[in-house]
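Written out below as structure tokens is the structure these notes cover.
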Amino acid sequence: MTAFFAPLLVIFLPAAALGVVYVLRRKASGISGVVAFTRIAAWIGVALVGGSMLVGTVTAIANGESTVQAPVEPYWPEFPAVSDVTPDHGDAVRSEITTVTVTATNLGVATRGFLAAGSLVTGLATIAVLAAVIALCSKLLAGKPFSDSLLRAGRLAACALAFGTLIGQTLTGIGTYRAGEETLRVDGYASTGDQVFSGSSPWPDPTFSINYEFAPLFMALAILVVVELVNAGMKMARQNERLRAETEGLI
């Protein structure tokens with residue numbers, strides 16, 4: 001997946017530069033320039049995230065080469081024939097490896113399905129937020145920043161980010177665990193020479209573990225707070241207009 005970002009940057013960085021030039025040449029206020037640049041950046045983000053999402057999904061479905069960070073039981077490599085390591089590192093209280101990078105093909109259908117679904121759901125959640133940013137910027141440039149449709153879009157974007165990220169991480173975690181089981185699990189082995197391994201396997205034992213990132217959840221909460229603040233401001237503005245109209249009518 002990382003290798004896909006290099007050509008994307010080569011393609012879209014010139015587009016970002018053109019966007020900056022476009023904004024600088026606009027005969028508008030500073031705020032309009034910032035909003036226009038933000039909208040261009042959001043479109044570039046949609047292209048980057050969408051491209052990465054499609055590559056990850058297609059690679060998993062097409063049984064291509066998938067690279068995952070598989071969780072394993074905490075371990076440290078054992079080398080019986082190694083001694084007198086320099087430096088000593090005697091101040092290290094504990095050294096453990098808990099994840100390994102696995103690049104594999106010919107994974108099971110269920111495993112590829114979980115990986116593809118996780119990539120798809122997570123990508124769509126991010127695109128939903130970027131789409132809300134684009135809609136807000138378009139409303140601001142059109143001089144109509146506040147509307148009921150924009151409030152609905154903000155709420156939907158926040159829910160999509162929160163639940164989409166949570167579901168996507170869960171699906172990816174299950175797929176990663178299954179990939180680790182298919183590539184690392186060893187039922188038996190034989191060793192030559194005097195090498196002796198203390199564990200049940202000469203390499204790490206896969207385990208089930210899902211690492212959740214809570215930053216998207218906090219971001220979703222922040223979006224909801226902003227949406228409700230805007231909603232409250234719109235209600236106050238309408239009440240003020242109604243009171244002013246009633247006052248003018250009495251006069």
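Each chain in the structure tokens gets a letter, A, B, ..., in the order shown, and its residues are numbered from 1; ligands are numbered from 1 in order too.
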Within 12 Å of Val100 of chain A, counting only C-alpha atoms, which residues show up once you throw out same-chain ones fewer than 6 positions away? Write them as a list in words, please.
->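 The neighbour list is Thr67, Val68, Gln69, Ala70, Pro71, Val72, Glu73, Pro74, Tyr75, Trp76, Thr176, Tyr177, Ala179, Gly180, Thr183, Leu184, Trp203, Pro204, Asp205, Pro206 and Thr207 of chain A.
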Okay, now the selection with N, CA, C and O atoms, as a PDB file, in the first residue's frame?
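Result file follows (selection_32.pdb):
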```
ATOM      1  N   THR A  67       0.247  -6.968   2.333  1.00  0.00           N
ATOM      2  CA  THR A  67       1.182  -6.763   3.432  1.00  0.00           C
ATOM      3  C   THR A  67       0.410  -6.280   4.648  1.00  0.00           C
ATOM      4  O   THR A  67      -0.299  -5.269   4.578  1.00  0.00           O
ATOM      5  N   VAL A  68       0.527  -7.011   5.759  1.00  0.00           N
ATOM      6  CA  VAL A  68      -0.203  -6.682   6.984  1.00  0.00           C
ATOM      7  C   VAL A  68       0.749  -6.734   8.164  1.00  0.00           C
ATOM      8  O   VAL A  68       1.812  -7.363   8.109  1.00  0.00           O
ATOM      9  N   GLN A  69       0.363  -6.040   9.241  1.00  0.00           N
ATOM     10  CA  GLN A  69       1.090  -6.100  10.502  1.00  0.00           C
ATOM     11  C   GLN A  69       0.368  -7.105  11.401  1.00  0.00           C
ATOM     12  O   GLN A  69      -0.615  -6.777  12.053  1.00  0.00           O
ATOM     13  N   ALA A  70       0.847  -8.336  11.399  1.00  0.00           N
ATOM     14  CA  ALA A  70       0.165  -9.406  12.126  1.00  0.00           C
ATOM     15  C   ALA A  70       0.552  -9.382  13.601  1.00  0.00           C
ATOM     16  O   ALA A  70       1.741  -9.342  13.930  1.00  0.00           O
ATOM     17  N   PRO A  71      -0.433  -9.413  14.523  1.00  0.00           N
ATOM     18  CA  PRO A  71      -0.103  -9.484  15.958  1.00  0.00           C
ATOM     19  C   PRO A  71       0.385 -10.879  16.336  1.00  0.00           C
ATOM     20  O   PRO A  71      -0.133 -11.887  15.838  1.00  0.00           O
ATOM     21  N   VAL A  72       1.377 -10.932  17.198  1.00  0.00           N
ATOM     22  CA  VAL A  72       1.946 -12.209  17.639  1.00  0.00           C
ATOM     23  C   VAL A  72       2.114 -12.180  19.150  1.00  0.00           C
ATOM     24  O   VAL A  72       2.086 -11.123  19.783  1.00  0.00           O
ATOM     25  N   GLU A  73       2.271 -13.386  19.713  1.00  0.00           N
ATOM     26  CA  GLU A  73       2.578 -13.475  21.136  1.00  0.00           C
ATOM     27  C   GLU A  73       3.920 -12.789  21.400  1.00  0.00           C
ATOM     28  O   GLU A  73       4.847 -12.911  20.605  1.00  0.00           O
ATOM     29  N   PRO A  74       4.022 -12.025  22.510  1.00  0.00           N
ATOM     30  CA  PRO A  74       5.290 -11.334  22.792  1.00  0.00           C
ATOM     31  C   PRO A  74       6.472 -12.311  22.801  1.00  0.00           C
ATOM     32  O   PRO A  74       6.412 -13.370  23.428  1.00  0.00           O
ATOM     33  N   TYR A  75       7.513 -11.970  22.076  1.00  0.00           N
ATOM     34  CA  TYR A  75       8.673 -12.859  21.980  1.00  0.00           C
ATOM     35  C   TYR A  75       9.923 -12.020  21.747  1.00  0.00           C
ATOM     36  O   TYR A  75       9.862 -10.811  21.515  1.00  0.00           O
ATOM     37  N   TRP A  76      11.061 -12.703  21.820  1.00  0.00           N
ATOM     38  CA  TRP A  76      12.343 -12.102  21.466  1.00  0.00           C
ATOM     39  C   TRP A  76      13.172 -13.179  20.767  1.00  0.00           C
ATOM     40  O   TRP A  76      13.201 -14.324  21.221  1.00  0.00           O
ATOM     41  N   THR A 176      -6.351  -9.309   9.500  1.00  0.00           N
ATOM     42  CA  THR A 176      -4.928  -9.397   9.836  1.00  0.00           C
ATOM     43  C   THR A 176      -4.645 -10.613  10.710  1.00  0.00           C
ATOM     44  O   THR A 176      -3.637 -11.315  10.521  1.00  0.00           O
ATOM     45  N   TYR A 177      -5.530 -10.869  11.667  1.00  0.00           N
ATOM     46  CA  TYR A 177      -5.367 -12.057  12.512  1.00  0.00           C
ATOM     47  C   TYR A 177      -5.428 -13.333  11.681  1.00  0.00           C
ATOM     48  O   TYR A 177      -4.595 -14.236  11.844  1.00  0.00           O
ATOM     49  N   ALA A 179      -4.756 -13.618   8.522  1.00  0.00           N
ATOM     50  CA  ALA A 179      -3.554 -13.690   7.696  1.00  0.00           C
ATOM     51  C   ALA A 179      -2.365 -14.199   8.509  1.00  0.00           C
ATOM     52  O   ALA A 179      -1.550 -14.994   8.015  1.00  0.00           O
ATOM     53  N   GLY A 180      -2.262 -13.753   9.766  1.00  0.00           N
ATOM     54  CA  GLY A 180      -1.196 -14.262  10.630  1.00  0.00           C
ATOM     55  C   GLY A 180      -1.338 -15.745  10.902  1.00  0.00           C
ATOM     56  O   GLY A 180      -0.337 -16.491  10.917  1.00  0.00           O
ATOM     57  N   THR A 183      -0.195 -17.712   7.785  1.00  0.00           N
ATOM     58  CA  THR A 183       1.207 -17.610   7.372  1.00  0.00           C
ATOM     59  C   THR A 183       2.203 -17.956   8.475  1.00  0.00           C
ATOM     60  O   THR A 183       3.344 -18.317   8.174  1.00  0.00           O
ATOM     61  N   LEU A 184       1.798 -17.848   9.746  1.00  0.00           N
ATOM     62  CA  LEU A 184       2.755 -18.031  10.843  1.00  0.00           C
ATOM     63  C   LEU A 184       2.494 -19.263  11.697  1.00  0.00           C
ATOM     64  O   LEU A 184       3.411 -19.735  12.373  1.00  0.00           O
ATOM     65  N   TRP A 203       9.353 -19.599  15.058  1.00  0.00           N
ATOM     66  CA  TRP A 203       9.103 -18.173  14.834  1.00  0.00           C
ATOM     67  C   TRP A 203       7.845 -17.771  15.589  1.00  0.00           C
ATOM     68  O   TRP A 203       7.199 -18.605  16.227  1.00  0.00           O
ATOM     69  N   PRO A 204       7.458 -16.527  15.547  1.00  0.00           N
ATOM     70  CA  PRO A 204       6.385 -16.034  16.425  1.00  0.00           C
ATOM     71  C   PRO A 204       5.065 -16.777  16.251  1.00  0.00           C
ATOM     72  O   PRO A 204       4.698 -17.171  15.144  1.00  0.00           O
ATOM     73  N   ASP A 205       4.354 -16.929  17.363  1.00  0.00           N
ATOM     74  CA  ASP A 205       3.006 -17.507  17.338  1.00  0.00           C
ATOM     75  C   ASP A 205       1.983 -16.398  17.128  1.00  0.00           C
ATOM     76  O   ASP A 205       1.968 -15.415  17.874  1.00  0.00           O
ATOM     77  N   PRO A 206       1.109 -16.526  16.115  1.00  0.00           N
ATOM     78  CA  PRO A 206       0.093 -15.491  15.890  1.00  0.00           C
ATOM     79  C   PRO A 206      -0.916 -15.461  17.024  1.00  0.00           C
ATOM     80  O   PRO A 206      -1.174 -16.472  17.689  1.00  0.00           O
ATOM     81  N   THR A 207      -1.482 -14.304  17.255  1.00  0.00           N
ATOM     82  CA  THR A 207      -2.494 -14.145  18.287  1.00  0.00           C
ATOM     83  C   THR A 207      -3.544 -13.162  17.799  1.00  0.00           C
ATOM     84  O   THR A 207      -3.331 -12.453  16.801  1.00  0.00           O
TER      85      THR A 207
END
```
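When only C-alpha atoms are used to measure the gap to Ser66 of chain A, the shortest distance among A:Gly51, A:Lys139, A:Gly175, A:Ala162 belongs to A:Gly175.
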If you count only C-alpha atoms, which residues fall within 9 Å of Ala60 of chain A, apart from same-chain ones fewer than 4 positions away, as a ChimeraX atom specification?
-> /A:55-56,64-66,107,111-116
Using N, CA, C and O atoms, can you write the selected residues to a file as an mmCIF file, in the first residue's frame?
```cif
data_model
loop_
_atom_site.group_PDB
_atom_site.id
_atom_site.type_symbol
_atom_site.label_atom_id
_atom_site.label_comp_id
_atom_site.auth_asym_id
_atom_site.auth_seq_id
_atom_site.Cartn_x
_atom_site.Cartn_y
_atom_site.Cartn_z
ATOM 1 N N VAL A 55 -7.012 0.470 -4.443
ATOM 2 C CA VAL A 55 -5.876 -0.447 -4.605
ATOM 3 C C VAL A 55 -5.903 -1.527 -3.526
ATOM 4 O O VAL A 55 -5.715 -2.715 -3.803
ATOM 5 N N GLY A 56 -6.135 -1.124 -2.266
ATOM 6 C CA GLY A 56 -6.189 -2.110 -1.195
ATOM 7 C C GLY A 56 -7.314 -3.110 -1.365
ATOM 8 O O GLY A 56 -7.136 -4.306 -1.152
ATOM 9 N N GLY A 64 -3.956 -10.695 -4.624
ATOM 10 C CA GLY A 64 -2.626 -10.155 -4.891
ATOM 11 C C GLY A 64 -1.749 -10.232 -3.653
ATOM 12 O O GLY A 64 -2.069 -10.886 -2.661
ATOM 13 N N GLU A 65 -0.627 -9.532 -3.710
ATOM 14 C CA GLU A 65 0.338 -9.539 -2.610
ATOM 15 C C GLU A 65 -0.121 -8.560 -1.539
ATOM 16 O O GLU A 65 -0.092 -7.347 -1.756
ATOM 17 N N SER A 66 -0.521 -9.070 -0.393
ATOM 18 C CA SER A 66 -1.012 -8.243 0.703
ATOM 19 C C SER A 66 0.026 -8.175 1.809
ATOM 20 O O SER A 66 0.617 -9.188 2.183
ATOM 21 N N LEU A 107 -4.013 -16.046 0.137
ATOM 22 C CA LEU A 107 -4.730 -16.095 1.401
ATOM 23 C C LEU A 107 -6.139 -16.633 1.158
ATOM 24 O O LEU A 107 -6.642 -16.620 0.037
ATOM 25 N N THR A 111 -10.329 -14.406 4.590
ATOM 26 C CA THR A 111 -9.295 -13.450 5.002
ATOM 27 C C THR A 111 -9.227 -12.276 4.040
ATOM 28 O O THR A 111 -9.189 -11.106 4.444
ATOM 29 N N ARG A 112 -9.226 -12.577 2.745
ATOM 30 C CA ARG A 112 -9.178 -11.500 1.753
ATOM 31 C C ARG A 112 -10.437 -10.644 1.815
ATOM 32 O O ARG A 112 -10.399 -9.433 1.607
ATOM 33 N N GLY A 113 -11.569 -11.268 2.128
ATOM 34 C CA GLY A 113 -12.811 -10.515 2.244
ATOM 35 C C GLY A 113 -12.769 -9.531 3.406
ATOM 36 O O GLY A 113 -13.201 -8.380 3.270
ATOM 37 N N PHE A 114 -12.267 -9.980 4.556
ATOM 38 C CA PHE A 114 -12.154 -9.083 5.703
ATOM 39 C C PHE A 114 -11.198 -7.928 5.410
ATOM 40 O O PHE A 114 -11.485 -6.773 5.754
ATOM 41 N N LEU A 115 -10.055 -8.215 4.802
ATOM 42 C CA LEU A 115 -9.092 -7.157 4.485
ATOM 43 C C LEU A 115 -9.667 -6.161 3.488
ATOM 44 O O LEU A 115 -9.505 -4.939 3.639
ATOM 45 N N ALA A 116 -10.351 -6.667 2.477
ATOM 46 C CA ALA A 116 -10.957 -5.781 1.477
ATOM 47 C C ALA A 116 -12.057 -4.922 2.098
ATOM 48 O O ALA A 116 -12.141 -3.711 1.845
#
```
Could you pull out the helix (DSSP H, G or I) residues of segment 78-239 of chain A from DSSP and send them as a PyMOL selection string?
-> chain A and resi 109-141+148-184+215-239
Residues within 8 Å of Cys137 of chain A, only C-alpha atoms, excluding chain neighbours under 5 positions, as a compact mmCIF listing (two decimals) with all heavy atoms, in the first residue's frame:
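See out-v6.txt below for the written result:
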```
# COMPACT_ATOMS: atom_id res chain seq x y z
N VAL A 35 -10.63 29.48 1.72
CA VAL A 35 -11.70 28.50 1.52
C VAL A 35 -11.51 27.77 0.19
O VAL A 35 -11.69 26.55 0.11
CB VAL A 35 -13.07 29.19 1.58
CG1 VAL A 35 -14.18 28.21 1.19
CG2 VAL A 35 -13.33 29.71 2.99
N ALA A 36 -11.15 28.52 -0.86
CA ALA A 36 -10.94 27.88 -2.16
C ALA A 36 -9.77 26.90 -2.11
O ALA A 36 -9.85 25.80 -2.67
CB ALA A 36 -10.68 28.96 -3.22
N THR A 38 -8.72 25.32 0.57
CA THR A 38 -9.15 24.18 1.38
C THR A 38 -9.99 23.21 0.55
O THR A 38 -9.85 21.99 0.67
CB THR A 38 -9.96 24.66 2.59
OG1 THR A 38 -9.16 25.56 3.36
CG2 THR A 38 -10.38 23.49 3.47
N ARG A 39 -10.86 23.75 -0.30
CA ARG A 39 -11.69 22.88 -1.14
C ARG A 39 -10.82 22.09 -2.12
O ARG A 39 -11.04 20.89 -2.33
CB ARG A 39 -12.73 23.70 -1.89
CG ARG A 39 -13.68 22.84 -2.72
CD ARG A 39 -14.83 23.64 -3.28
NE ARG A 39 -14.39 24.67 -4.21
CZ ARG A 39 -15.22 25.42 -4.92
NH1 ARG A 39 -16.52 25.28 -4.79
NH2 ARG A 39 -14.75 26.35 -5.75
```
Using only C-alpha atoms, which residue out of A:Met234, A:Arg178, A:Gly118, A:Gly154 lies closest to Ile134 of chain A?
->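 Among A:Met234, A:Arg178, A:Gly118, A:Gly154, it is A:Gly154 that comes nearest to Ile134 of chain A.
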Provide the atom CA of Thr126 of chain A to atom CA of Thr98 of chain A distance in Å, to one decimal place.
-> 28.1 Å
